[in-house]
Every structure is written in structure tokens, then in C-alpha cells.
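These notes are about the structure you will find just below.
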Amino acid sequence: MEVVIADEHKLAQLAADAIERLLRTETAPVLGLATGSSPLRIYDELAARHKRQGLSFAHAQAFMLDEYVGIAADHPERYRNVIDTEIATRVDFAEAAVHGPDGSAEDLAAASAGYEQKIAEAGGIDLQILGIGTDGHIAFNEPGSSLASRTRVKSLTYQTRVDNARFFDGDVDQVPSLCLTQGLGTIMEARHLVLVATGGGKAEAVHQMIEGPVSAMWPATVLQMHPHVTVLVDDAAASRLQLGDYYRHAFENKPDWQHL
């Protein structure tokens with residue numbers, strides 16, 4: 001696990017560099033897209049590179065991490081609509097190249113299995129963007145989730161709904177209580193995981209994820225078992241790290257040829 005501590009602008013540039021490298025070197029790259037506030041600067045940077053440098057997504061596919069169940073198709077906080085607004089319509093993805101779990105399906109179990117199959121048919125995800133919740137969840141894998149879980153229906157904790165209420169006019173009662181989410185086992189099959197976390201509210205979760213024991217109580221700790229994880233954090237999110245100085249030293253002295 002590589003840990004990079006820098007300001008938000010630098011973190012977004014580093015993540016965009018890794019994605020740009022993938023897009024320019026692979027003939028059929030597959031991206032994993034996350035929602036929430038953490039990846040927004042990354043999407044802004046990618047959209048700017050598309051406009052300024054002609055960075056193309058036309059040969060890529062993308063898969064979303066999760067989706068609310070029971071939210072209206074035209075609701076601005078439906079994750080498919082968020083992804084369309086924040087990145088998909090700002091670049092040149094081909095029609096139908098961006099996929100998401102179907103939270104409106106009558107048979108949610110079948111929709112979950114179908115989503116797993118679609119990822120497999122695409123050849124798996126090359127680079128997955130991740131955020132982390134204050135309770136250590138990634139995607140919507142809440143504390144107690146199986147570390148081998150697959151795409152499925154999950155109940156959201158009250159804490160997650162409180163955290164997401166800012167997107168629903170501050171009203172927790174408007175936040176859906178169910179979702180479809182990629183499982184931890186699904187996420188761990190991506191070839192490169194890039195997790196972004198900023199702000200002091202994420203400090204304890206970041207500390208547990210990087211330096212704590214692997215435990216279902218902090219689902220993100222499963223990432224310690226992945227061979228290629230990059231964690232991008234600002235000073236506030238890194239404030240609980242016991243080895244913070246080491247992580248800074250390691251990145252500052254990294255060879256130029258060694259990419260994220």
C-alpha cells in the first residue's frame with residue numbers, strides 16, 4: 001500500500017495522472033467510478049485534460065460502485081445522474097459505456113448477479129477510484145460486511161445516512177435506506193485501487209484502514225491485502241497516522257520512473 005500525503009490539488013493531479021496513463025496505454029481500459037465529494041477534484045482534472053489536451057475516454061468502459069434503491073430515476077442524487085453530471089457527460093465516453101447497478105430493478109438479486117457478470121465480461125476493472133466513509137466503509141460496504149462479499153443489496157447505517165444528508169437538503173429522512181453495492185470481494189479484483197480521503201472527519205477511518213488490524217468492523221482494512229493500492233490523503237485526513245513522516249519521506253524519495 002502506497003500512502004501519499006499532499007494538498008487536494010496535488011492529490012487530484014496524481015490520480016488523474018494514473019488514469020491518463022491507463023487511457024493512453026490500454027486499448028480497452030476499464031475504469032471504476034465513485035461518487036461522493038472525494039473524487040470531484042479528480043473528475044474536474046480529467047475533464048480539464050479532455051478539453052485542453054484531448055484526453056479521450058472513447059475507447060474506455062466505466063463501472064459505478066453503487067446505487068441507491070428506490071430513488072426516482074430523475075432525482076439529482078441518484079448516483080447514475082451524479083456520475084453523468086460530474087464526469088460522464090464532460091468527456092467523450094461512448095454511448096452505453098458507463099454502467100451502474102440497477103437500483104430500480106424488481107429483482108435486486110438478479111440485478112446484482114447481472115452486474116457482476118457485466119464487469120467480468122468487460123475483463124475486470126483496471127483502476128478503481130474509491131472514497132472512504134467515516135465508519136470505514138468503501139462503496140456501501142458497511143461495518144460488519146463480509147470481506148469476500150459480492151455485489152448485493154445492503155442496508156445503510158444511520159451514520160452513513162446522516163453523512164449523506166448534506167446531499168438531501170440536510171434531511172436524513174430523504175436519504176434512501178437501501179442500496180446496491182459492489183462487494184468487498186468485487187472491489188478487491190480491480191487491478192489498481194486508488195482511494196482518496198480529505199478532511200479531519202476521515203482521519204480515524206484512514207488510520208484504521210492503513211495501520212489497524214484487518215477487520216470487518218473497518219471494511220476498508222481489507223485493502224491491506226491488495227497488491228496495488230494507492231491511498232491519497234491530505235494533512236487533515238493523515239493526522240492520526242503513526243507513520244505519517246515515513247510515508248512523506250518514502251513518496252518524496254520515490255524514483256521518477258516509479259508511477260503510482
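Going through the C-alpha cells in order, the chains are called A, B, and so on, while each chain numbers its residues from 1 and the ligands are numbered from 1 in the order shown.
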Residue neighbourhood range 232-247 of chain A, 8 Å, only C-alpha atoms, exclusion window fewer than 4 positions, as a ChimeraX atom specification: /A:2-8,11,194-204,206-207,211,251
With C-alpha atoms retained, export the selected residues as a PDB file, in the first residue's frame.
```pdb
ATOM      1  CA  GLU A   2       1.417   3.356  -1.054  1.00  0.00           C
ATOM      2  CA  VAL A   3       0.352   6.361   1.025  1.00  0.00           C
ATOM      3  CA  VAL A   4       0.702   9.874  -0.408  1.00  0.00           C
ATOM      4  CA  ILE A   5       0.122  12.923   1.800  1.00  0.00           C
ATOM      5  CA  ALA A   6      -0.343  16.173  -0.127  1.00  0.00           C
ATOM      6  CA  ASP A   7      -2.806  19.006  -0.721  1.00  0.00           C
ATOM      7  CA  GLU A   8      -6.085  18.319  -2.503  1.00  0.00           C
ATOM      8  CA  LEU A  11      -3.853  14.512  -4.950  1.00  0.00           C
ATOM      9  CA  VAL A 194      -6.878   4.498  -5.803  1.00  0.00           C
ATOM     10  CA  LEU A 195      -8.514   5.747  -2.607  1.00  0.00           C
ATOM     11  CA  VAL A 196      -8.878   9.467  -1.888  1.00  0.00           C
ATOM     12  CA  ALA A 197      -9.711  10.917   1.530  1.00  0.00           C
ATOM     13  CA  THR A 198      -9.613  14.514   2.726  1.00  0.00           C
ATOM     14  CA  GLY A 199     -10.564  16.311   5.911  1.00  0.00           C
ATOM     15  CA  GLY A 200     -10.204  15.571   9.603  1.00  0.00           C
ATOM     16  CA  GLY A 201     -13.506  13.702   9.696  1.00  0.00           C
ATOM     17  CA  LYS A 202     -11.836  10.852   7.781  1.00  0.00           C
ATOM     18  CA  ALA A 203      -8.700  10.704   9.985  1.00  0.00           C
ATOM     19  CA  GLU A 204      -9.724   7.795  12.204  1.00  0.00           C
ATOM     20  CA  VAL A 206      -7.782   6.390   7.355  1.00  0.00           C
ATOM     21  CA  HIS A 207      -5.696   5.392  10.390  1.00  0.00           C
ATOM     22  CA  GLU A 211      -2.388   0.886  10.266  1.00  0.00           C
ATOM     23  CA  PHE A 251       6.996   9.480  -1.523  1.00  0.00           C
TER      24      PHE A 251
END
```
Who sits within 12 Å of Gly144 in chain A, only C-alpha atoms, same chain under 6 positions skipped, as a ChimeraX atom specification: /A:135-137,154-157,184,214-221
Please extract the residues of range 29-178 of chain A with a backbone DSSP assignment of strand (DSSP E or B) and present them as a PDB file with all heavy atoms, in the first residue's frame.
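The resulting file, states.pdb, is reproduced below:
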```pdb
ATOM      1  N   VAL A  30     -10.746  -0.156 -18.502  1.00  0.00           N
ATOM      2  CA  VAL A  30     -11.985  -0.210 -17.720  1.00  0.00           C
ATOM      3  C   VAL A  30     -11.744   0.534 -16.410  1.00  0.00           C
ATOM      4  O   VAL A  30     -10.884   0.155 -15.610  1.00  0.00           O
ATOM      5  CB  VAL A  30     -12.413  -1.658 -17.437  1.00  0.00           C
ATOM      6  CG1 VAL A  30     -13.733  -1.677 -16.668  1.00  0.00           C
ATOM      7  CG2 VAL A  30     -12.557  -2.439 -18.745  1.00  0.00           C
ATOM      8  N   LEU A  31     -12.544   1.576 -16.200  1.00  0.00           N
ATOM      9  CA  LEU A  31     -12.426   2.410 -15.007  1.00  0.00           C
ATOM     10  C   LEU A  31     -13.540   2.077 -14.025  1.00  0.00           C
ATOM     11  O   LEU A  31     -14.650   1.719 -14.421  1.00  0.00           O
ATOM     12  CB  LEU A  31     -12.519   3.888 -15.376  1.00  0.00           C
ATOM     13  CG  LEU A  31     -11.394   4.478 -16.216  1.00  0.00           C
ATOM     14  CD1 LEU A  31     -11.742   5.908 -16.607  1.00  0.00           C
ATOM     15  CD2 LEU A  31     -10.083   4.446 -15.444  1.00  0.00           C
ATOM     16  N   GLY A  32     -13.241   2.239 -12.738  1.00  0.00           N
ATOM     17  CA  GLY A  32     -14.263   2.161 -11.701  1.00  0.00           C
ATOM     18  C   GLY A  32     -14.491   3.552 -11.144  1.00  0.00           C
ATOM     19  O   GLY A  32     -13.538   4.228 -10.724  1.00  0.00           O
ATOM     20  N   LEU A  33     -15.741   4.018 -11.172  1.00  0.00           N
ATOM     21  CA  LEU A  33     -16.074   5.381 -10.765  1.00  0.00           C
ATOM     22  C   LEU A  33     -16.780   5.401  -9.419  1.00  0.00           C
ATOM     23  O   LEU A  33     -17.633   4.555  -9.151  1.00  0.00           O
ATOM     24  CB  LEU A  33     -16.962   6.039 -11.817  1.00  0.00           C
ATOM     25  CG  LEU A  33     -16.381   6.119 -13.233  1.00  0.00           C
ATOM     26  CD1 LEU A  33     -17.405   6.728 -14.183  1.00  0.00           C
ATOM     27  CD2 LEU A  33     -15.090   6.924 -13.257  1.00  0.00           C
ATOM     28  N   GLN A  61     -14.505   1.756 -20.936  1.00  0.00           N
ATOM     29  CA  GLN A  61     -15.756   1.498 -20.238  1.00  0.00           C
ATOM     30  C   GLN A  61     -15.588   1.917 -18.780  1.00  0.00           C
ATOM     31  O   GLN A  61     -14.461   2.012 -18.277  1.00  0.00           O
ATOM     32  CB  GLN A  61     -16.126   0.020 -20.289  1.00  0.00           C
ATOM     33  CG  GLN A  61     -16.528  -0.505 -21.639  1.00  0.00           C
ATOM     34  CD  GLN A  61     -17.140  -1.884 -21.526  1.00  0.00           C
ATOM     35  OE1 GLN A  61     -18.257  -2.067 -21.029  1.00  0.00           O
ATOM     36  NE2 GLN A  61     -16.407  -2.880 -21.999  1.00  0.00           N
ATOM     37  N   ALA A  62     -16.700   2.147 -18.111  1.00  0.00           N
ATOM     38  CA  ALA A  62     -16.644   2.514 -16.702  1.00  0.00           C
ATOM     39  C   ALA A  62     -17.773   1.834 -15.944  1.00  0.00           C
ATOM     40  O   ALA A  62     -18.874   1.644 -16.478  1.00  0.00           O
ATOM     41  CB  ALA A  62     -16.740   4.033 -16.534  1.00  0.00           C
ATOM     42  N   PHE A  63     -17.486   1.484 -14.692  1.00  0.00           N
ATOM     43  CA  PHE A  63     -18.462   0.848 -13.818  1.00  0.00           C
ATOM     44  C   PHE A  63     -18.554   1.619 -12.503  1.00  0.00           C
ATOM     45  O   PHE A  63     -17.533   1.958 -11.903  1.00  0.00           O
ATOM     46  CB  PHE A  63     -18.066  -0.608 -13.538  1.00  0.00           C
ATOM     47  CG  PHE A  63     -18.254  -1.515 -14.708  1.00  0.00           C
ATOM     48  CD1 PHE A  63     -17.256  -1.643 -15.667  1.00  0.00           C
ATOM     49  CD2 PHE A  63     -19.432  -2.224 -14.872  1.00  0.00           C
ATOM     50  CE1 PHE A  63     -17.417  -2.474 -16.764  1.00  0.00           C
ATOM     51  CE2 PHE A  63     -19.617  -3.055 -15.971  1.00  0.00           C
ATOM     52  CZ  PHE A  63     -18.604  -3.177 -16.916  1.00  0.00           C
ATOM     53  N   MET A  64     -19.779   1.880 -12.097  1.00  0.00           N
ATOM     54  CA  MET A  64     -20.015   2.571 -10.836  1.00  0.00           C
ATOM     55  C   MET A  64     -19.930   1.600  -9.668  1.00  0.00           C
ATOM     56  O   MET A  64     -20.184   0.403  -9.827  1.00  0.00           O
ATOM     57  CB  MET A  64     -21.394   3.234 -10.864  1.00  0.00           C
ATOM     58  CG  MET A  64     -21.523   4.352 -11.873  1.00  0.00           C
ATOM     59  SD  MET A  64     -23.259   4.831 -12.158  1.00  0.00           S
ATOM     60  CE  MET A  64     -23.888   4.934 -10.478  1.00  0.00           C
ATOM     61  N   ASP A  66     -21.844   1.810  -6.774  1.00  0.00           N
ATOM     62  CA  ASP A  66     -23.072   1.563  -6.025  1.00  0.00           C
ATOM     63  C   ASP A  66     -24.202   2.445  -6.531  1.00  0.00           C
ATOM     64  O   ASP A  66     -23.996   3.321  -7.377  1.00  0.00           O
ATOM     65  CB  ASP A  66     -22.844   1.795  -4.517  1.00  0.00           C
ATOM     66  CG  ASP A  66     -21.992   3.030  -4.231  1.00  0.00           C
ATOM     67  OD1 ASP A  66     -22.055   4.007  -5.003  1.00  0.00           O
ATOM     68  OD2 ASP A  66     -21.259   3.026  -3.221  1.00  0.00           O
ATOM     69  N   GLU A  67     -25.390   2.176  -6.013  1.00  0.00           N
ATOM     70  CA  GLU A  67     -26.578   2.957  -6.365  1.00  0.00           C
ATOM     71  C   GLU A  67     -27.625   2.808  -5.274  1.00  0.00           C
ATOM     72  O   GLU A  67     -27.750   1.752  -4.651  1.00  0.00           O
ATOM     73  CB  GLU A  67     -27.142   2.479  -7.707  1.00  0.00           C
ATOM     74  CG  GLU A  67     -28.369   3.248  -8.200  1.00  0.00           C
ATOM     75  CD  GLU A  67     -28.082   4.716  -8.422  1.00  0.00           C
ATOM     76  OE1 GLU A  67     -28.239   5.492  -7.436  1.00  0.00           O
ATOM     77  OE2 GLU A  67     -27.731   5.090  -9.552  1.00  0.00           O
ATOM     78  N   TYR A  68     -28.358   3.884  -5.026  1.00  0.00           N
ATOM     79  CA  TYR A  68     -29.474   3.815  -4.086  1.00  0.00           C
ATOM     80  C   TYR A  68     -30.600   2.947  -4.657  1.00  0.00           C
ATOM     81  O   TYR A  68     -30.797   2.878  -5.867  1.00  0.00           O
ATOM     82  CB  TYR A  68     -30.041   5.205  -3.825  1.00  0.00           C
ATOM     83  CG  TYR A  68     -29.147   6.113  -3.002  1.00  0.00           C
ATOM     84  CD1 TYR A  68     -28.680   7.313  -3.526  1.00  0.00           C
ATOM     85  CD2 TYR A  68     -28.798   5.786  -1.694  1.00  0.00           C
ATOM     86  CE1 TYR A  68     -27.889   8.163  -2.770  1.00  0.00           C
ATOM     87  CE2 TYR A  68     -28.005   6.624  -0.934  1.00  0.00           C
ATOM     88  CZ  TYR A  68     -27.547   7.806  -1.474  1.00  0.00           C
ATOM     89  OH  TYR A  68     -26.762   8.644  -0.736  1.00  0.00           O
ATOM     90  N   VAL A  98     -20.836   3.620 -19.854  1.00  0.00           N
ATOM     91  CA  VAL A  98     -20.818   3.792 -18.400  1.00  0.00           C
ATOM     92  C   VAL A  98     -21.955   2.963 -17.801  1.00  0.00           C
ATOM     93  O   VAL A  98     -23.121   3.129 -18.165  1.00  0.00           O
ATOM     94  CB  VAL A  98     -20.968   5.275 -18.013  1.00  0.00           C
ATOM     95  CG1 VAL A  98     -20.976   5.431 -16.492  1.00  0.00           C
ATOM     96  CG2 VAL A  98     -19.835   6.097 -18.616  1.00  0.00           C
ATOM     97  N   HIS A  99     -21.608   2.073 -16.881  1.00  0.00           N
ATOM     98  CA  HIS A  99     -22.564   1.127 -16.320  1.00  0.00           C
ATOM     99  C   HIS A  99     -22.741   1.360 -14.824  1.00  0.00           C
ATOM    100  O   HIS A  99     -21.798   1.740 -14.124  1.00  0.00           O
ATOM    101  CB  HIS A  99     -22.069  -0.311 -16.532  1.00  0.00           C
ATOM    102  CG  HIS A  99     -21.574  -0.574 -17.920  1.00  0.00           C
ATOM    103  ND1 HIS A  99     -22.413  -0.833 -18.975  1.00  0.00           N
ATOM    104  CD2 HIS A  99     -20.305  -0.619 -18.419  1.00  0.00           C
ATOM    105  CE1 HIS A  99     -21.697  -1.036 -20.071  1.00  0.00           C
ATOM    106  NE2 HIS A  99     -20.416  -0.907 -19.751  1.00  0.00           N
ATOM    107  N   LEU A 127      -8.610   0.188 -13.049  1.00  0.00           N
ATOM    108  CA  LEU A 127      -8.334   1.169 -11.994  1.00  0.00           C
ATOM    109  C   LEU A 127      -9.647   1.593 -11.366  1.00  0.00           C
ATOM    110  O   LEU A 127     -10.542   2.076 -12.061  1.00  0.00           O
ATOM    111  CB  LEU A 127      -7.582   2.369 -12.549  1.00  0.00           C
ATOM    112  CG  LEU A 127      -7.088   3.412 -11.547  1.00  0.00           C
ATOM    113  CD1 LEU A 127      -5.852   4.140 -12.088  1.00  0.00           C
ATOM    114  CD2 LEU A 127      -8.153   4.431 -11.167  1.00  0.00           C
ATOM    115  N   GLN A 128      -9.754   1.407 -10.058  1.00  0.00           N
ATOM    116  CA  GLN A 128     -10.971   1.727  -9.321  1.00  0.00           C
ATOM    117  C   GLN A 128     -10.713   2.908  -8.394  1.00  0.00           C
ATOM    118  O   GLN A 128      -9.837   2.872  -7.545  1.00  0.00           O
ATOM    119  CB  GLN A 128     -11.420   0.531  -8.492  1.00  0.00           C
ATOM    120  CG  GLN A 128     -12.605   0.802  -7.579  1.00  0.00           C
ATOM    121  CD  GLN A 128     -13.873   1.071  -8.358  1.00  0.00           C
ATOM    122  OE1 GLN A 128     -14.339   0.207  -9.099  1.00  0.00           O
ATOM    123  NE2 GLN A 128     -14.450   2.261  -8.205  1.00  0.00           N
ATOM    124  N   ILE A 129     -11.487   3.969  -8.573  1.00  0.00           N
ATOM    125  CA  ILE A 129     -11.446   5.099  -7.650  1.00  0.00           C
ATOM    126  C   ILE A 129     -12.326   4.761  -6.451  1.00  0.00           C
ATOM    127  O   ILE A 129     -13.439   4.250  -6.599  1.00  0.00           O
ATOM    128  CB  ILE A 129     -11.960   6.380  -8.329  1.00  0.00           C
ATOM    129  CG1 ILE A 129     -11.104   6.723  -9.550  1.00  0.00           C
ATOM    130  CG2 ILE A 129     -11.965   7.547  -7.341  1.00  0.00           C
ATOM    131  CD1 ILE A 129     -11.677   7.835 -10.400  1.00  0.00           C
ATOM    132  N   LEU A 130     -11.832   5.084  -5.262  1.00  0.00           N
ATOM    133  CA  LEU A 130     -12.563   4.824  -4.030  1.00  0.00           C
ATOM    134  C   LEU A 130     -12.536   6.054  -3.116  1.00  0.00           C
ATOM    135  O   LEU A 130     -11.571   6.820  -3.121  1.00  0.00           O
ATOM    136  CB  LEU A 130     -11.961   3.654  -3.254  1.00  0.00           C
ATOM    137  CG  LEU A 130     -11.976   2.270  -3.894  1.00  0.00           C
ATOM    138  CD1 LEU A 130     -11.096   1.319  -3.098  1.00  0.00           C
ATOM    139  CD2 LEU A 130     -13.405   1.734  -3.974  1.00  0.00           C
ATOM    140  N   ILE A 138     -16.264   1.298   2.370  1.00  0.00           N
ATOM    141  CA  ILE A 138     -15.933   1.637   0.995  1.00  0.00           C
ATOM    142  C   ILE A 138     -17.053   1.100   0.115  1.00  0.00           C
ATOM    143  O   ILE A 138     -17.622   0.060   0.397  1.00  0.00           O
ATOM    144  CB  ILE A 138     -14.561   1.099   0.552  1.00  0.00           C
ATOM    145  CG1 ILE A 138     -14.406  -0.387   0.818  1.00  0.00           C
ATOM    146  CG2 ILE A 138     -13.447   1.875   1.225  1.00  0.00           C
ATOM    147  CD1 ILE A 138     -13.112  -0.970   0.258  1.00  0.00           C
ATOM    148  N   ASN A 141     -20.236  -0.844   1.574  1.00  0.00           N
ATOM    149  CA  ASN A 141     -19.962  -1.989   2.428  1.00  0.00           C
ATOM    150  C   ASN A 141     -19.778  -1.490   3.859  1.00  0.00           C
ATOM    151  O   ASN A 141     -18.690  -1.049   4.251  1.00  0.00           O
ATOM    152  CB  ASN A 141     -18.717  -2.725   1.941  1.00  0.00           C
ATOM    153  CG  ASN A 141     -18.943  -3.371   0.589  1.00  0.00           C
ATOM    154  OD1 ASN A 141     -19.547  -4.437   0.491  1.00  0.00           O
ATOM    155  ND2 ASN A 141     -18.456  -2.715  -0.467  1.00  0.00           N
ATOM    156  N   ARG A 152     -24.475  -6.772  -4.084  1.00  0.00           N
ATOM    157  CA  ARG A 152     -25.671  -7.212  -3.375  1.00  0.00           C
ATOM    158  C   ARG A 152     -26.440  -6.021  -2.843  1.00  0.00           C
ATOM    159  O   ARG A 152     -25.975  -4.881  -2.905  1.00  0.00           O
ATOM    160  CB  ARG A 152     -25.284  -8.126  -2.198  1.00  0.00           C
ATOM    161  CG  ARG A 152     -24.554  -7.371  -1.094  1.00  0.00           C
ATOM    162  CD  ARG A 152     -23.567  -8.258  -0.385  1.00  0.00           C
ATOM    163  NE  ARG A 152     -22.926  -7.602   0.749  1.00  0.00           N
ATOM    164  CZ  ARG A 152     -21.955  -6.694   0.650  1.00  0.00           C
ATOM    165  NH1 ARG A 152     -21.575  -6.247  -0.537  1.00  0.00           N
ATOM    166  NH2 ARG A 152     -21.399  -6.181   1.740  1.00  0.00           N
ATOM    167  N   VAL A 153     -27.608  -6.306  -2.243  1.00  0.00           N
ATOM    168  CA  VAL A 153     -28.399  -5.285  -1.537  1.00  0.00           C
ATOM    169  C   VAL A 153     -27.819  -5.105  -0.136  1.00  0.00           C
ATOM    170  O   VAL A 153     -27.475  -6.078   0.537  1.00  0.00           O
ATOM    171  CB  VAL A 153     -29.875  -5.718  -1.423  1.00  0.00           C
ATOM    172  CG1 VAL A 153     -30.685  -4.624  -0.748  1.00  0.00           C
ATOM    173  CG2 VAL A 153     -30.447  -6.053  -2.785  1.00  0.00           C
ATOM    174  N   LYS A 154     -27.698  -3.858   0.293  1.00  0.00           N
ATOM    175  CA  LYS A 154     -27.243  -3.563   1.646  1.00  0.00           C
ATOM    176  C   LYS A 154     -28.147  -2.519   2.276  1.00  0.00           C
ATOM    177  O   LYS A 154     -28.688  -1.635   1.610  1.00  0.00           O
ATOM    178  CB  LYS A 154     -25.814  -3.013   1.640  1.00  0.00           C
ATOM    179  CG  LYS A 154     -24.738  -4.052   1.472  1.00  0.00           C
ATOM    180  CD  LYS A 154     -24.640  -4.989   2.667  1.00  0.00           C
ATOM    181  CE  LYS A 154     -24.032  -4.317   3.886  1.00  0.00           C
ATOM    182  NZ  LYS A 154     -23.879  -5.241   5.020  1.00  0.00           N
ATOM    183  N   SER A 155     -28.305  -2.628   3.597  1.00  0.00           N
ATOM    184  CA  SER A 155     -28.965  -1.582   4.385  1.00  0.00           C
ATOM    185  C   SER A 155     -27.909  -0.581   4.828  1.00  0.00           C
ATOM    186  O   SER A 155     -26.840  -0.970   5.318  1.00  0.00           O
ATOM    187  CB  SER A 155     -29.649  -2.185   5.616  1.00  0.00           C
ATOM    188  OG  SER A 155     -30.694  -3.047   5.246  1.00  0.00           O
ATOM    189  N   LEU A 178     -31.696   1.747   1.575  1.00  0.00           N
ATOM    190  CA  LEU A 178     -31.170   0.560   0.897  1.00  0.00           C
ATOM    191  C   LEU A 178     -30.348   0.965  -0.316  1.00  0.00           C
ATOM    192  O   LEU A 178     -30.579   2.030  -0.910  1.00  0.00           O
ATOM    193  CB  LEU A 178     -32.302  -0.363   0.446  1.00  0.00           C
ATOM    194  CG  LEU A 178     -33.140  -1.067   1.516  1.00  0.00           C
ATOM    195  CD1 LEU A 178     -34.255  -1.865   0.840  1.00  0.00           C
ATOM    196  CD2 LEU A 178     -32.272  -1.983   2.367  1.00  0.00           C
TER     197      LEU A 178
END
```
Every residue of range 58-109 of chain A that DSSP places in helix (DSSP H, G or I), as an MDAnalysis selection string: chainID A and resid 79:86 88:90 108:109
Selection above as a file: N, CA and C atoms, as a short mmCIF file (atom, residue, chain, number, x, y, z; two decimals), in the first residue's frame:
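As written to disk, out-v5.cif reads:
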```cif
data_model
loop_
_atom_site.label_atom_id
_atom_site.label_comp_id
_atom_site.auth_asym_id
_atom_site.auth_seq_id
_atom_site.Cartn_x
_atom_site.Cartn_y
_atom_site.Cartn_z
N TYR A 79 -27.26 8.07 -8.11
CA TYR A 79 -25.84 8.06 -8.40
C TYR A 79 -25.53 8.03 -9.89
N ARG A 80 -26.38 7.41 -10.67
CA ARG A 80 -26.15 7.43 -12.12
C ARG A 80 -26.22 8.86 -12.64
N ASN A 81 -27.14 9.65 -12.12
CA ASN A 81 -27.25 11.04 -12.55
C ASN A 81 -26.05 11.86 -12.06
N VAL A 82 -25.58 11.56 -10.86
CA VAL A 82 -24.41 12.25 -10.33
C VAL A 82 -23.19 11.97 -11.20
N ILE A 83 -22.97 10.71 -11.55
CA ILE A 83 -21.83 10.34 -12.39
C ILE A 83 -21.93 10.99 -13.76
N ASP A 84 -23.13 11.02 -14.32
CA ASP A 84 -23.31 11.68 -15.61
C ASP A 84 -22.93 13.15 -15.52
N THR A 85 -23.38 13.80 -14.45
CA THR A 85 -23.12 15.23 -14.29
C THR A 85 -21.65 15.52 -14.02
N GLU A 86 -21.04 14.74 -13.14
CA GLU A 86 -19.69 15.06 -12.67
C GLU A 86 -18.59 14.65 -13.64
N ALA A 88 -19.23 11.78 -16.73
CA ALA A 88 -19.54 11.06 -17.98
C ALA A 88 -19.88 12.00 -19.13
N THR A 89 -20.68 13.05 -18.87
CA THR A 89 -21.07 13.97 -19.94
C THR A 89 -20.03 15.06 -20.19
N ARG A 90 -18.99 15.10 -19.38
CA ARG A 90 -17.95 16.12 -19.54
C ARG A 90 -16.79 15.64 -20.40
N LEU A 108 -33.72 -7.51 -7.31
CA LEU A 108 -32.42 -6.90 -6.99
C LEU A 108 -31.30 -7.93 -6.94
N ALA A 109 -31.61 -9.14 -6.54
CA ALA A 109 -30.59 -10.19 -6.52
C ALA A 109 -30.13 -10.50 -7.93
#
```
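Nearest residue to Gln182 in chain A among A:Ser112, A:Thr230, A:Gln208, A:Gln258 is A:Ser112, counting only C-alpha atoms.
With only C-alpha atoms as the atoms that count, the minimum distance from Glu189 in chain A to the choices A:Ser37, A:Gln13, A:Ser149, A:Asn164 is reached by A:Ser149.
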